[in-house]
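To start, the structure under review is shown below, and the notes come after it.
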Amino acid sequence: MTATPDTMLSHALAYAARGWRVLPLRPRTKHTFAGIGSHDATTDPAKLAEWWARWPDANVGLATGTASNLAVVDQDVDPAATPPKNGPAEWARLTAGRPIGTAAVGTGRGGLQLYFLDAGRGCRNSQGRLAPGIDTRGEGGYVVAPPSIHPNGQRYDWAATPDEIPLAELPAWVADAVRPADDAGNLAGLVDHRATPGRPSAALEAAERCRRYMELIPDAVSGSGGHNATLRAAAECFRFGLTESAAWDLLTWFNGAKCHPAWSERELRRKLTEGRKLVDREGKFGARLEEGGAEADWPTTWRPTEPAVPVDRTAGELHADPESAEPAAPLARPVDHAGATGLLGDTVRWMNATAYKPQPVLALANALAFWGAVLGRRVQTATGLRSNIYALGVGESGCGKDHSRKCVKRITDAAGLTAKLLGGERIKSDSALENAVHLNPSILFQLDEIGHWFGQAGSKYAAGHEQAIAPLMMSLFSSASTTYIGAELAGRERKDIDQPNACLYGTTTPTMLWSGLTTAEISNGFLNRMLVFVSPDPDPDPQSVAPTGPPDEIPAAVAEWVKAYDTLPAVNLLMGAHKEPHTIHATGEAESVFRQFERECRGHRAGTRDGRGLDSLWSRAPEHAAKVALIAACCGAGKDGPAYADDIEIDHTAATFGVRLAETLTHGFADAAGANVVDSEFGRALRRVRSALEAAGERGLTPRELARGTNGMDPSQRAKVLGELCSQGAAVMAERKGKAGPGSTVYVLGSSATRGTFANVN
């Protein structure tokens with residue numbers, strides 16, 4: 001059962017009238033929308049009306065803490081947990097002989113939430129600190145309020161409303177029990193005094209300012225940048241000079257207040273260790289905030305730390321010593337994958353539910369490219385745009401980015417359409433690509449390690465048929481609404497293709513992507529045709545999964561849309577029969593969304609015309625938004641969409657989803673490209689060699705192994721790079737001894753090497 005907009009909004013307004021600050025949560029989840037956290041909660045009726053007009057089915061969240069004068073004791077029930085959780089039983093044990101009457105909410109999973117007046121006690125967020133199965137929500141936290149819907153479909157309902165039983169004051173023993181040990185005493189003990197010498201109050205100030213800085217970090221939502229946000233919070237503790245124990249207390253607070261769901265203690269300890277290592281590499285940014293001491297120095301919004309490698313913005317070249325030649329990680333901006341609805345959303349959810357390491361952002365990328373191929377040549381926008389999508393998924397090795405490709409193959413197998421919809425998983429030449437699209441004009445190519453392909457296709461040392469792949473991809477992309485005129489080759493009939501709808505989903509690691517790209521490849525139009533999705537989590541927590549096939553409606557809908565091409569009316573042209581796709585019109589509200597985005601993109605283009613080609617990314621962004629909206633609208637029609645294609649519209653929801661996705665991805669890629677792309681041949685070679693040596697670690701690489709790892713690189717360029725690395729001390733030559741026989745000379749990165757001999761290494 002779906003709540004009506006009035007029901008959810010009326011409850012939100014009623015809570016605000018009580019003085020409780022309200023925020024919207026994603027429908028049927030406990031998670032916030034991208035860019036909205038507990039600190040954005042409000043009692044302003046106009047703002048609440050704006051939010052629920054944008055997300056009519058949003059769940060209702062209540063910010064806890066002193067600003068709302070609200071503290072909540074959450075009693076969870078989970079018999080399958082280790083150990084089993086029975087919060088109500090534990091609470092009864094804790095309160096034996098002193099029952100407390102107060103308003104209460106029954107959760108969607110059978111638990112109970114007790115609502116209390118904070119009464120100035122400053123209740124903290126905690127997980128299991130009172131007892132197993134009992135959490136608290138206070139400063140910086142929030143709870144899901146009635147009549148919101150739990151992910152399992154059950155509603156949150158009042159067991160006792162505030163009118164029936166007024167809120168009692170939070171017992172002091174509860175607030176004391178969940179307060180960090182150091183908090184009630186000397187806060188100066190939380191920090192390393194050596195970080196701020198000569199200032200008597202600097203220690204206390206550092207602890208408080210670090211806490212406030214962490215409040216600006218977006219909520220850590222699983223699958224939407226949760227790892228990055230928590231890692232950044234851990235790093236900030238050390239950047240402000242806190243001790244290990246103090247950092248742990250603050251990170252525990254952050255975990256309870258802003259992580260959804262909260263990390264386990266073991267996971268949080270790992271984040272703390274990673275945060276310290278990050279600061280050791282990047283330096284103490286927090287110390288710079290401390291220098292001025294004025295509140296005006298505080299940032300108004302949180303943002304990732306700038307890359308450590310300096311970039312000459314004028315020349316577009318990387319100027320760094322060899323040890324700084326490592327590319328910075330792409331800036332993974334939060335992607336609202338939960339905004340995908342209909343068949344598109346069903347596909348993403350199934351991919352994530354069956355993944356050992358879920359990657360929701362990459363699943364959305366692959367699902368968009370897949371449905372773009374399914375809908376290809378069957379639908380178009382009023383301006384003639386088609387559903388051909390080029391999507392690039394960027395993630396670290398072993399992060400789970402291959403799972404969605406396997407899911408797509410299972411869908412096409414179930415529909416009996418693998419040969420028709422899927423192209424080869426390797427493209428060896430432009431003629432092979434042309435042949436595949438000629439045979440099946442609406443087709444999806446799923447390519448692994450596309451970073452290698454970029455490097456070879458753009459290298460002057462690559463073969464001619466490899467260099468021609470990218471230009472052909474550009475031509476196919478631009479010819480989707482017309483006829484692609486094939487290449488003229490001696491002894492072979494020309495292969496023209498009516499309305500080619502080639503879609504692409506490629507994956508790569510950040511290192512391989514940036515080692516193969518230049519400004520020219522951005523500005524010449526190939527990369528601005530791609531939607532670049534960066535995984536926010538380099539190592540997702542594994543989940544227990546059992547292999548299951550796709551929901552029946554997904555392959556059934558695929559088959560129906562593919563058959564729909566046969567029913568399209570044919571238009572006779574001079575070059576032969578041409579089938580005209582269904583035109584999917586946008587509503588007036590959707591058109592307004594698109595026009596506003598076009599105006600914003602013009603402003604971005606004007607602000608990025610600096611010779612690095614980033615303005616070209618914004619030139620293509622409105623087209624990306626319209627294509628995503630087209631796919632979302634058709635998928636929203638369900639499996640019966642082909643039968644009613646003429647009635648499908650791009651509504652406000654689909655347009656907003658397309659615009660937000662295009663804007664988020666373009667911002668993220670422009671930021672990362674501006675910080676990472678290297679134009680000189682030497683700079684690119686330097687990165688490739690360094691990446692290969694880094695991957696080899698202490699074992700190093702022999703000259704022959706390095707040549708294989710940097711295939712396509714000019715040998716003289718490779719030798720020049722090695723000479724530069726060795727002369728700067730960034731790499732060393734060593735001897736690798738085998739179990740028997742003579743040893744081999746290897747190159748080892750300076751950070752991994754101990755000058756001398758590595759014995760008995762195979």
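Letters A, B, ... go to the chains of the structure tokens in the order shown; residues in each chain start at 1; ligands are counted from 1 in the same order.
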
Report as a PDB file with all heavy atoms, in the first residue's frame all protein, DNA and RNA residues lying within 12 Å of Thr42 (chain A), evaluated on only C-alpha atoms, omitting residues in the same chain fewer than 6 positions from it.
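Saved file selection.pdb follows:
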ATOM      1  N   ALA A  12       4.044  15.146   8.412  1.00  0.00           N
ATOM      2  CA  ALA A  12       5.265  15.936   8.537  1.00  0.00           C
ATOM      3  C   ALA A  12       4.959  17.309   9.120  1.00  0.00           C
ATOM      4  O   ALA A  12       5.670  17.807  10.008  1.00  0.00           O
ATOM      5  CB  ALA A  12       5.943  16.066   7.174  1.00  0.00           C
ATOM      6  N   LEU A  13       3.880  17.935   8.644  1.00  0.00           N
ATOM      7  CA  LEU A  13       3.503  19.257   9.150  1.00  0.00           C
ATOM      8  C   LEU A  13       3.062  19.186  10.612  1.00  0.00           C
ATOM      9  O   LEU A  13       3.346  20.098  11.407  1.00  0.00           O
ATOM     10  CB  LEU A  13       2.383  19.839   8.286  1.00  0.00           C
ATOM     11  CG  LEU A  13       2.777  20.192   6.848  1.00  0.00           C
ATOM     12  CD1 LEU A  13       1.543  20.541   6.032  1.00  0.00           C
ATOM     13  CD2 LEU A  13       3.772  21.346   6.831  1.00  0.00           C
ATOM     14  N   TYR A  15       4.119  17.046  12.884  1.00  0.00           N
ATOM     15  CA  TYR A  15       5.322  16.901  13.702  1.00  0.00           C
ATOM     16  C   TYR A  15       6.043  18.239  13.839  1.00  0.00           C
ATOM     17  O   TYR A  15       6.541  18.600  14.914  1.00  0.00           O
ATOM     18  CB  TYR A  15       6.257  15.862  13.092  1.00  0.00           C
ATOM     19  CG  TYR A  15       5.718  14.451  13.102  1.00  0.00           C
ATOM     20  CD1 TYR A  15       5.901  13.605  12.001  1.00  0.00           C
ATOM     21  CD2 TYR A  15       5.023  13.956  14.196  1.00  0.00           C
ATOM     22  CE1 TYR A  15       5.407  12.309  11.995  1.00  0.00           C
ATOM     23  CE2 TYR A  15       4.525  12.659  14.202  1.00  0.00           C
ATOM     24  CZ  TYR A  15       4.719  11.839  13.106  1.00  0.00           C
ATOM     25  OH  TYR A  15       4.231  10.568  13.106  1.00  0.00           O
ATOM     26  N   ALA A  16       6.116  18.987  12.740  1.00  0.00           N
ATOM     27  CA  ALA A  16       6.780  20.291  12.781  1.00  0.00           C
ATOM     28  C   ALA A  16       6.064  21.233  13.743  1.00  0.00           C
ATOM     29  O   ALA A  16       6.697  22.039  14.437  1.00  0.00           O
ATOM     30  CB  ALA A  16       6.839  20.888  11.378  1.00  0.00           C
ATOM     31  N   ALA A  17       4.723  21.131  13.777  1.00  0.00           N
ATOM     32  CA  ALA A  17       3.954  21.985  14.687  1.00  0.00           C
ATOM     33  C   ALA A  17       4.279  21.680  16.149  1.00  0.00           C
ATOM     34  O   ALA A  17       4.105  22.538  17.022  1.00  0.00           O
ATOM     35  CB  ALA A  17       2.457  21.800  14.428  1.00  0.00           C
ATOM     36  N   ARG A  18       4.759  20.466  16.435  1.00  0.00           N
ATOM     37  CA  ARG A  18       5.178  20.117  17.794  1.00  0.00           C
ATOM     38  C   ARG A  18       6.584  20.634  18.114  1.00  0.00           C
ATOM     39  O   ARG A  18       7.062  20.493  19.237  1.00  0.00           O
ATOM     40  CB  ARG A  18       5.170  18.600  17.980  1.00  0.00           C
ATOM     41  CG  ARG A  18       3.798  17.969  17.997  1.00  0.00           C
ATOM     42  CD  ARG A  18       3.896  16.459  18.241  1.00  0.00           C
ATOM     43  NE  ARG A  18       2.585  15.857  18.311  1.00  0.00           N
ATOM     44  CZ  ARG A  18       1.837  15.774  19.410  1.00  0.00           C
ATOM     45  NH1 ARG A  18       2.311  16.277  20.556  1.00  0.00           N
ATOM     46  NH2 ARG A  18       0.656  15.215  19.392  1.00  0.00           N
ATOM     47  N   GLY A  19       7.244  21.195  17.095  1.00  0.00           N
ATOM     48  CA  GLY A  19       8.609  21.664  17.296  1.00  0.00           C
ATOM     49  C   GLY A  19       9.659  20.634  16.953  1.00  0.00           C
ATOM     50  O   GLY A  19      10.847  20.845  17.209  1.00  0.00           O
ATOM     51  N   TRP A  20       9.232  19.497  16.376  1.00  0.00           N
ATOM     52  CA  TRP A  20      10.175  18.460  15.965  1.00  0.00           C
ATOM     53  C   TRP A  20      10.647  18.750  14.541  1.00  0.00           C
ATOM     54  O   TRP A  20       9.825  18.938  13.634  1.00  0.00           O
ATOM     55  CB  TRP A  20       9.518  17.085  16.008  1.00  0.00           C
ATOM     56  CG  TRP A  20       9.114  16.655  17.387  1.00  0.00           C
ATOM     57  CD1 TRP A  20       9.520  17.201  18.567  1.00  0.00           C
ATOM     58  CD2 TRP A  20       8.211  15.587  17.722  1.00  0.00           C
ATOM     59  NE1 TRP A  20       8.942  16.550  19.622  1.00  0.00           N
ATOM     60  CE2 TRP A  20       8.134  15.541  19.139  1.00  0.00           C
ATOM     61  CE3 TRP A  20       7.473  14.673  16.980  1.00  0.00           C
ATOM     62  CZ2 TRP A  20       7.340  14.620  19.809  1.00  0.00           C
ATOM     63  CZ3 TRP A  20       6.684  13.740  17.650  1.00  0.00           C
ATOM     64  CH2 TRP A  20       6.623  13.720  19.040  1.00  0.00           C
ATOM     65  N   ARG A  21      11.933  18.772  14.344  1.00  0.00           N
ATOM     66  CA  ARG A  21      12.487  19.057  13.021  1.00  0.00           C
ATOM     67  C   ARG A  21      12.335  17.830  12.126  1.00  0.00           C
ATOM     68  O   ARG A  21      12.637  16.707  12.532  1.00  0.00           O
ATOM     69  CB  ARG A  21      13.952  19.477  13.130  1.00  0.00           C
ATOM     70  CG  ARG A  21      14.167  20.780  13.890  1.00  0.00           C
ATOM     71  CD  ARG A  21      15.640  21.119  14.017  1.00  0.00           C
ATOM     72  NE  ARG A  21      16.352  20.061  14.705  1.00  0.00           N
ATOM     73  CZ  ARG A  21      17.548  19.613  14.352  1.00  0.00           C
ATOM     74  NH1 ARG A  21      18.170  20.136  13.302  1.00  0.00           N
ATOM     75  NH2 ARG A  21      18.148  18.650  15.029  1.00  0.00           N
ATOM     76  N   VAL A  22      11.886  18.063  10.906  1.00  0.00           N
ATOM     77  CA  VAL A  22      11.491  16.985   9.987  1.00  0.00           C
ATOM     78  C   VAL A  22      12.392  16.988   8.760  1.00  0.00           C
ATOM     79  O   VAL A  22      12.831  18.043   8.296  1.00  0.00           O
ATOM     80  CB  VAL A  22      10.010  17.154   9.555  1.00  0.00           C
ATOM     81  CG1 VAL A  22       9.576  16.021   8.624  1.00  0.00           C
ATOM     82  CG2 VAL A  22       9.106  17.221  10.786  1.00  0.00           C
ATOM     83  N   LEU A  23      12.662  15.794   8.229  1.00  0.00           N
ATOM     84  CA  LEU A  23      13.386  15.661   6.964  1.00  0.00           C
ATOM     85  C   LEU A  23      12.781  14.506   6.172  1.00  0.00           C
ATOM     86  O   LEU A  23      12.224  13.571   6.766  1.00  0.00           O
ATOM     87  CB  LEU A  23      14.876  15.417   7.187  1.00  0.00           C
ATOM     88  CG  LEU A  23      15.318  14.065   7.763  1.00  0.00           C
ATOM     89  CD1 LEU A  23      16.775  13.786   7.385  1.00  0.00           C
ATOM     90  CD2 LEU A  23      15.177  14.040   9.289  1.00  0.00           C
ATOM     91  N   PRO A  24      12.856  14.562   4.834  1.00  0.00           N
ATOM     92  CA  PRO A  24      12.320  13.464   4.021  1.00  0.00           C
ATOM     93  C   PRO A  24      13.330  12.321   3.911  1.00  0.00           C
ATOM     94  O   PRO A  24      14.533  12.541   3.860  1.00  0.00           O
ATOM     95  CB  PRO A  24      12.096  14.121   2.656  1.00  0.00           C
ATOM     96  CG  PRO A  24      13.166  15.167   2.574  1.00  0.00           C
ATOM     97  CD  PRO A  24      13.359  15.666   3.988  1.00  0.00           C
ATOM     98  N   ILE A  36      20.868  15.699   1.587  1.00  0.00           N
ATOM     99  CA  ILE A  36      20.033  16.071   2.725  1.00  0.00           C
ATOM    100  C   ILE A  36      20.416  15.204   3.909  1.00  0.00           C
ATOM    101  O   ILE A  36      20.440  13.970   3.810  1.00  0.00           O
ATOM    102  CB  ILE A  36      18.532  15.900   2.401  1.00  0.00           C
ATOM    103  CG1 ILE A  36      18.125  16.828   1.265  1.00  0.00           C
ATOM    104  CG2 ILE A  36      17.684  16.176   3.648  1.00  0.00           C
ATOM    105  CD1 ILE A  36      16.678  16.672   0.851  1.00  0.00           C
ATOM    106  N   LEU A  48       8.908  21.984   3.954  1.00  0.00           N
ATOM    107  CA  LEU A  48       8.355  20.633   3.978  1.00  0.00           C
ATOM    108  C   LEU A  48       7.450  20.404   2.772  1.00  0.00           C
ATOM    109  O   LEU A  48       7.490  19.336   2.140  1.00  0.00           O
ATOM    110  CB  LEU A  48       7.582  20.403   5.280  1.00  0.00           C
ATOM    111  CG  LEU A  48       8.405  20.470   6.575  1.00  0.00           C
ATOM    112  CD1 LEU A  48       7.506  20.289   7.790  1.00  0.00           C
ATOM    113  CD2 LEU A  48       9.506  19.422   6.564  1.00  0.00           C
ATOM    114  N   ALA A  49       6.636  21.393   2.443  1.00  0.00           N
ATOM    115  CA  ALA A  49       5.761  21.265   1.274  1.00  0.00           C
ATOM    116  C   ALA A  49       6.579  21.119  -0.005  1.00  0.00           C
ATOM    117  O   ALA A  49       6.229  20.341  -0.905  1.00  0.00           O
ATOM    118  CB  ALA A  49       4.835  22.480   1.182  1.00  0.00           C
ATOM    119  N   GLU A  50       7.691  21.842  -0.083  1.00  0.00           N
ATOM    120  CA  GLU A  50       8.570  21.737  -1.261  1.00  0.00           C
ATOM    121  C   GLU A  50       9.161  20.335  -1.377  1.00  0.00           C
ATOM    122  O   GLU A  50       9.191  19.746  -2.454  1.00  0.00           O
ATOM    123  CB  GLU A  50       9.686  22.776  -1.153  1.00  0.00           C
ATOM    124  CG  GLU A  50      10.720  22.699  -2.278  1.00  0.00           C
ATOM    125  CD  GLU A  50      11.917  23.595  -2.019  1.00  0.00           C
ATOM    126  OE1 GLU A  50      11.755  24.619  -1.317  1.00  0.00           O
ATOM    127  OE2 GLU A  50      13.026  23.262  -2.496  1.00  0.00           O
ATOM    128  N   TRP A  51       9.629  19.799  -0.235  1.00  0.00           N
ATOM    129  CA  TRP A  51      10.230  18.461  -0.255  1.00  0.00           C
ATOM    130  C   TRP A  51       9.214  17.409  -0.689  1.00  0.00           C
ATOM    131  O   TRP A  51       9.491  16.589  -1.551  1.00  0.00           O
ATOM    132  CB  TRP A  51      10.776  18.114   1.129  1.00  0.00           C
ATOM    133  CG  TRP A  51      12.149  18.654   1.401  1.00  0.00           C
ATOM    134  CD1 TRP A  51      13.081  19.027   0.479  1.00  0.00           C
ATOM    135  CD2 TRP A  51      12.742  18.877   2.691  1.00  0.00           C
ATOM    136  NE1 TRP A  51      14.224  19.463   1.110  1.00  0.00           N
ATOM    137  CE2 TRP A  51      14.055  19.376   2.453  1.00  0.00           C
ATOM    138  CE3 TRP A  51      12.313  18.704   3.994  1.00  0.00           C
ATOM    139  CZ2 TRP A  51      14.912  19.705   3.496  1.00  0.00           C
ATOM    140  CZ3 TRP A  51      13.172  19.019   5.037  1.00  0.00           C
ATOM    141  CH2 TRP A  51      14.459  19.527   4.795  1.00  0.00           C
ATOM    142  N   VAL A  60       8.909   9.801   6.410  1.00  0.00           N
ATOM    143  CA  VAL A  60       9.074  10.967   7.286  1.00  0.00           C
ATOM    144  C   VAL A  60      10.152  10.668   8.327  1.00  0.00           C
ATOM    145  O   VAL A  60      10.076   9.662   9.040  1.00  0.00           O
ATOM    146  CB  VAL A  60       7.759  11.329   7.995  1.00  0.00           C
ATOM    147  CG1 VAL A  60       7.950  12.558   8.885  1.00  0.00           C
ATOM    148  CG2 VAL A  60       6.656  11.574   6.973  1.00  0.00           C
ATOM    149  N   GLY A  61      11.145  11.523   8.388  1.00  0.00           N
ATOM    150  CA  GLY A  61      12.193  11.394   9.389  1.00  0.00           C
ATOM    151  C   GLY A  61      12.116  12.528  10.388  1.00  0.00           C
ATOM    152  O   GLY A  61      11.730  13.652  10.037  1.00  0.00           O
ATOM    153  N   LEU A  62      12.473  12.242  11.636  1.00  0.00           N
ATOM    154  CA  LEU A  62      12.503  13.259  12.683  1.00  0.00           C
ATOM    155  C   LEU A  62      13.924  13.381  13.211  1.00  0.00           C
ATOM    156  O   LEU A  62      14.526  12.384  13.644  1.00  0.00           O
ATOM    157  CB  LEU A  62      11.566  12.879  13.836  1.00  0.00           C
ATOM    158  CG  LEU A  62      10.071  12.756  13.519  1.00  0.00           C
ATOM    159  CD1 LEU A  62       9.301  12.334  14.765  1.00  0.00           C
ATOM    160  CD2 LEU A  62       9.523  14.068  12.974  1.00  0.00           C
ATOM    161  N   ALA A  63      14.469  14.588  13.157  1.00  0.00           N
ATOM    162  CA  ALA A  63      15.801  14.826  13.703  1.00  0.00           C
ATOM    163  C   ALA A  63      15.713  14.824  15.222  1.00  0.00           C
ATOM    164  O   ALA A  63      14.823  15.440  15.811  1.00  0.00           O
ATOM    165  CB  ALA A  63      16.350  16.149  13.196  1.00  0.00           C
ATOM    166  N   THR A  64      16.624  14.121  15.860  1.00  0.00           N
ATOM    167  CA  THR A  64      16.650  14.060  17.317  1.00  0.00           C
ATOM    168  C   THR A  64      17.712  15.016  17.859  1.00  0.00           C
ATOM    169  O   THR A  64      18.524  15.545  17.114  1.00  0.00           O
ATOM    170  CB  THR A  64      16.939  12.623  17.776  1.00  0.00           C
ATOM    171  OG1 THR A  64      18.124  12.144  17.110  1.00  0.00           O
ATOM    172  CG2 THR A  64      15.782  11.697  17.425  1.00  0.00           C
ATOM    173  N   ALA A  67      17.791  20.435  19.544  1.00  0.00           N
ATOM    174  CA  ALA A  67      17.024  21.364  18.715  1.00  0.00           C
ATOM    175  C   ALA A  67      15.557  20.950  18.617  1.00  0.00           C
ATOM    176  O   ALA A  67      14.660  21.794  18.534  1.00  0.00           O
ATOM    177  CB  ALA A  67      17.641  21.467  17.322  1.00  0.00           C
ATOM    178  N   SER A  68      15.285  19.640  18.609  1.00  0.00           N
ATOM    179  CA  SER A  68      13.907  19.141  18.607  1.00  0.00           C
ATOM    180  C   SER A  68      13.434  18.793  20.008  1.00  0.00           C
ATOM    181  O   SER A  68      12.270  18.428  20.201  1.00  0.00           O
ATOM    182  CB  SER A  68      13.798  17.883  17.728  1.00  0.00           C
ATOM    183  OG  SER A  68      13.978  18.172  16.366  1.00  0.00           O
TER     184      SER A  68
END

Just asking: which residues within region 380-485 of chain A are alpha helix (DSSP H) according to DSSP, as an NGL selection string?
:A and (403-415 or 418-421 or 430-439 or 450-457 or 464-467 or 469-478)

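Closest to Leu278 (chain A) among A:Arg494, A:Lys357, A:Arg266, A:Arg232 is A:Arg232, based on only C-alpha atoms.
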
Separation of CA of Ala367 (chain A) from CA of Thr347 (chain A) in Å
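Answer for the CA of Thr347 (chain A) to CA of Ala367 (chain A) separation: 6.5 Å.
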
CA of Glu560 (chain A) and CA of Gly641 (chain A) are how many Å apart?
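Interatomic distance here is 8.5 Å.
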
Show which residues sit within 7 Å of Val593 (chain A), as an MDAnalysis selection string. Count only C-alpha atoms, and ignore same-chain residues fewer than 3 positions away.
chainID A and resid 589:590 596:597 655:656

Save the residues we just selected, C-alpha atoms, as a PDB file, in the first residue's frame?
ATOM      1  CA  GLU A 589       6.590  20.194 -15.953  1.00  0.00           C
ATOM      2  CA  ALA A 590       9.280  17.957 -17.406  1.00  0.00           C
ATOM      3  CA  GLN A 596      16.326  25.013 -16.362  1.00  0.00           C
ATOM      4  CA  PHE A 597      19.082  22.402 -16.616  1.00  0.00           C
ATOM      5  CA  ALA A 655      12.948  14.346 -15.972  1.00  0.00           C
ATOM      6  CA  THR A 656      14.190  15.162 -12.486  1.00  0.00           C
TER       7      THR A 656
END

Counting only C-alpha atoms, what are the residues of region 377-441 of chain A within 12 Å of region 469-479 of chain A, and for each of them which pair of atoms is the nearest and at what distance in Å, to one decimal? Sort the table by chain and rising number, as a Markdown table.
| residue | atom | partner | partner_atom | distance |
| --- | --- | --- | --- | --- |
| A:Arg377 | CA | A:Ser479 | CA | 11.6 |
| A:Gly384 | CA | A:Ser479 | CA | 11.0 |
| A:Leu385 | CA | A:Ser478 | CA | 9.7 |
| A:Arg386 | CA | A:Phe477 | CA | 9.5 |
| A:Ser387 | CA | A:Phe477 | CA | 10.1 |
| A:Asn388 | CA | A:Phe477 | CA | 7.0 |
| A:Ile389 | CA | A:Phe477 | CA | 8.4 |
| A:Tyr390 | CA | A:Phe477 | CA | 8.6 |
| A:Arg426 | CA | A:Ile469 | CA | 11.6 |
| A:Ile427 | CA | A:Ile469 | CA | 8.2 |
| A:Lys428 | CA | A:Ile469 | CA | 8.5 |
| A:Ser429 | CA | A:Ile469 | CA | 6.2 |
| A:Asp430 | CA | A:Ile469 | CA | 4.7 |
| A:Ser431 | CA | A:Ile469 | CA | 8.5 |
| A:Ala432 | CA | A:Ile469 | CA | 9.4 |
| A:Leu433 | CA | A:Ile469 | CA | 7.7 |
| A:Glu434 | CA | A:Leu472 | CA | 7.9 |
| A:Asn435 | CA | A:Leu472 | CA | 11.7 |
| A:Ala436 | CA | A:Leu476 | CA | 12.0 |
| A:Val437 | CA | A:Leu476 | CA | 9.0 |
| A:His438 | CA | A:Leu476 | CA | 10.8 |
| A:Pro441 | CA | A:Leu476 | CA | 10.0 |

Name all residues at most 6 Å from Gln499 (chain A) (count only C-alpha atoms; drop same-chain ones fewer than 5 positions away) and give them as a PDB file with C-alpha atoms, in the first residue's frame.
ATOM      1  CA  ALA A 480      21.405   6.932 -33.823  1.00  0.00           C
ATOM      2  CA  SER A 481      18.514   8.872 -35.359  1.00  0.00           C
ATOM      3  CA  THR A 482      19.635   8.545 -38.972  1.00  0.00           C
ATOM      4  CA  THR A 483      21.700   6.192 -41.146  1.00  0.00           C
TER       5      THR A 483
END

Who sits within 9 Å of Asn152 (chain A), only C-alpha atoms, same chain under 2 positions skipped, as a VMD selection string:
chain A and resid 28 108 to 109 149 to 150 154 to 155

Could those residues be written to a file, using all heavy atoms, as a compact mmCIF listing (two decimals), in the first residue's frame?
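Contents of the output file selection_36.txt:
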# COMPACT_ATOMS: atom_id res chain seq x y z
N ARG A 28 10.17 3.90 1.47
CA ARG A 28 10.35 2.53 1.96
C ARG A 28 11.78 2.24 2.43
O ARG A 28 12.25 1.11 2.36
CB ARG A 28 9.93 1.51 0.89
CG ARG A 28 8.44 1.50 0.61
CD ARG A 28 8.09 0.55 -0.52
NE ARG A 28 6.66 0.48 -0.71
CZ ARG A 28 5.87 -0.49 -0.26
NH1 ARG A 28 6.40 -1.49 0.42
NH2 ARG A 28 4.57 -0.48 -0.47
N GLY A 108 8.66 -1.22 11.90
CA GLY A 108 8.22 -2.16 10.88
C GLY A 108 8.73 -3.57 11.07
O GLY A 108 8.29 -4.50 10.40
N ARG A 109 9.70 -3.77 12.01
CA ARG A 109 10.27 -5.10 12.20
C ARG A 109 9.91 -5.68 13.57
O ARG A 109 10.52 -6.65 14.01
CB ARG A 109 11.79 -5.03 12.03
CG ARG A 109 12.42 -6.38 11.70
CD ARG A 109 13.83 -6.26 11.19
NE ARG A 109 14.76 -5.76 12.19
CZ ARG A 109 16.09 -5.74 12.02
NH1 ARG A 109 16.60 -6.17 10.89
NH2 ARG A 109 16.88 -5.26 12.95
N ILE A 149 6.89 3.75 5.79
CA ILE A 149 6.82 2.33 5.44
C ILE A 149 8.21 1.73 5.52
O ILE A 149 9.16 2.24 4.92
CB ILE A 149 6.23 2.14 4.02
CG1 ILE A 149 4.84 2.79 3.95
CG2 ILE A 149 6.14 0.65 3.67
CD1 ILE A 149 4.22 2.74 2.57
N HIS A 150 8.33 0.64 6.25
CA HIS A 150 9.58 -0.10 6.40
C HIS A 150 9.92 -0.79 5.08
O HIS A 150 9.03 -1.07 4.27
CB HIS A 150 9.41 -1.13 7.53
CG HIS A 150 10.68 -1.78 7.97
ND1 HIS A 150 11.20 -2.90 7.35
CD2 HIS A 150 11.55 -1.47 8.98
CE1 HIS A 150 12.32 -3.26 7.95
NE2 HIS A 150 12.56 -2.41 8.94
N GLN A 154 5.88 -3.08 5.97
CA GLN A 154 5.09 -2.78 7.17
C GLN A 154 5.23 -1.30 7.54
O GLN A 154 6.26 -0.69 7.30
CB GLN A 154 5.56 -3.65 8.34
CG GLN A 154 5.41 -5.14 8.10
CD GLN A 154 3.97 -5.55 7.90
OE1 GLN A 154 3.09 -5.15 8.66
NE2 GLN A 154 3.73 -6.35 6.85
N ARG A 155 4.17 -0.78 8.15
CA ARG A 155 4.19 0.63 8.55
C ARG A 155 4.77 0.82 9.95
O ARG A 155 4.68 -0.06 10.80
CB ARG A 155 2.77 1.21 8.53
CG ARG A 155 2.24 1.51 7.15
CD ARG A 155 0.98 2.36 7.26
NE ARG A 155 0.45 2.66 5.94
CZ ARG A 155 0.88 3.63 5.16
NH1 ARG A 155 1.87 4.40 5.59
NH2 ARG A 155 0.36 3.85 3.99

Residue nearest Lys627 (chain A) - candidates A:Trp514, A:Ala692, A:Val379, A:Glu425, atoms counted: only C-alpha atoms
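With only C-alpha atoms as the atom set, the closest residue is A:Val379.
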
Quick one, how far is CA of Ile648 (chain A) from CA of Thr583 (chain A)?
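Taking CA of Ile648 (chain A) and CA of Thr583 (chain A), their separation equals 8.9 Å.
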